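See below for the structure under consideration.
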Amino acid sequence: MNALDINNINLLAPYTVAEISGRLHFRTDHDVEYIVTFDQEDNPFFSVFWFNLTNPSHSKSPSDPKIPKTIICIIEEFFRENPDILLYLCSSEGGKQAQRARLFLKWFNGAEQQKHYIIRTAEVKGEDGQSEYVALIAQRSNPHIAEILELFDNDTTMFNEMKP
């Protein structure tokens, strides 16, 4: 993965983002820390990264429009530097994965993002039969977008069909 330019992120992000040991950190006005990482997926066809957003203290944060704006700035910088694919899996902590999936879609489905990116979501059954929510984000300009979406759909369908 090509390194992200923190200065580019901080030009538009409402929260200041810092890189510490390869992880991106920001702290909200409510003193809640968020960490963003990108982990490469072993994929034989395309360059794919998992987008990971964590709140290490598990602190509740009131509705804060600066959080999604900061995250969008990070994602946009990722795509400025990397013509790759992002995958996002909602944490199942507390059984709130469906709520997290809806919130992420709400954050990401702004008009500007829809001009530049495609987001495809799927519900998959975990080992324990619990629903998990995964999303794929790719640039609309990716020359392989049709193949990428077809592969995502096939993989999530196959994964669900394998579960009892």
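A note on labels: chains of the structure tokens are A, B, ... as shown, every chain counts residues from 1, and ligands are counted from 1 in their shown order.
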
Which residues come within 10 Å of Ala138 of chain A, counting only C-alpha atoms, excluding same-chain residues fewer than 5 positions away, as a PyMOL selection string? chain A and resi 48+79+83-87+116-120+144-145+148-149

Go ahead and save the picked residues with C-alpha atoms, as a PDB file, in the first residue's frame.
```pdb
ATOM      1  CA  VAL A  48      -7.558  -5.512  -1.727  1.00  0.00           C
ATOM      2  CA  PHE A  79      -7.953   6.084  -3.051  1.00  0.00           C
ATOM      3  CA  PRO A  83      -6.207   2.363  -6.975  1.00  0.00           C
ATOM      4  CA  ASP A  84      -7.192  -0.605  -4.883  1.00  0.00           C
ATOM      5  CA  ILE A  85     -10.318  -2.050  -3.330  1.00  0.00           C
ATOM      6  CA  LEU A  86     -11.458  -1.566   0.236  1.00  0.00           C
ATOM      7  CA  LEU A  87     -13.452  -4.082   2.234  1.00  0.00           C
ATOM      8  CA  HIS A 116     -16.598   8.702  -7.389  1.00  0.00           C
ATOM      9  CA  TYR A 117     -17.145   5.401  -5.581  1.00  0.00           C
ATOM     10  CA  ILE A 118     -19.327   2.339  -5.637  1.00  0.00           C
ATOM     11  CA  ILE A 119     -20.167   0.734  -2.347  1.00  0.00           C
ATOM     12  CA  ARG A 120     -21.641  -2.762  -2.383  1.00  0.00           C
ATOM     13  CA  HIS A 144     -12.229  -3.780 -13.645  1.00  0.00           C
ATOM     14  CA  ILE A 145     -15.261  -2.571 -11.684  1.00  0.00           C
ATOM     15  CA  ILE A 148     -14.798  -6.720  -8.957  1.00  0.00           C
ATOM     16  CA  LEU A 149     -18.510  -6.445  -8.199  1.00  0.00           C
TER      17      LEU A 149
END
```

For segment 53-68 of chain A, find every residue with an atom within 10 Å (counting only C-alpha atoms), except residues of its own chain fewer than 4 positions away, and show them as JSON, numbers by chain. {"A": [13, 14, 15, 24, 25, 26, 27, 28, 29, 30, 31, 32, 33, 34, 35, 36, 37, 38, 72, 73, 74, 88, 89, 90, 91, 93, 103, 104, 106, 107, 108]}

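Distances to Ala101 of chain A were evaluated for A:Glu123, A:Asp128, A:Glu147, A:Asp5 using only C-alpha atoms, and the minimum falls at A:Glu123.
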
Would you please extract all strand (DSSP E or B) residues from segment 9-164 of chain A, as assigned by DSSP on the backbone, and give them as a ChimeraX atom specification? /A:18-20,23-27,33-41,48-54,85-89,117-125,131-139

One decimal, in Å: what's the spacing between atom CA of Phe152 of chain A and atom CA of Asn52 of chain A? 18.3 Å
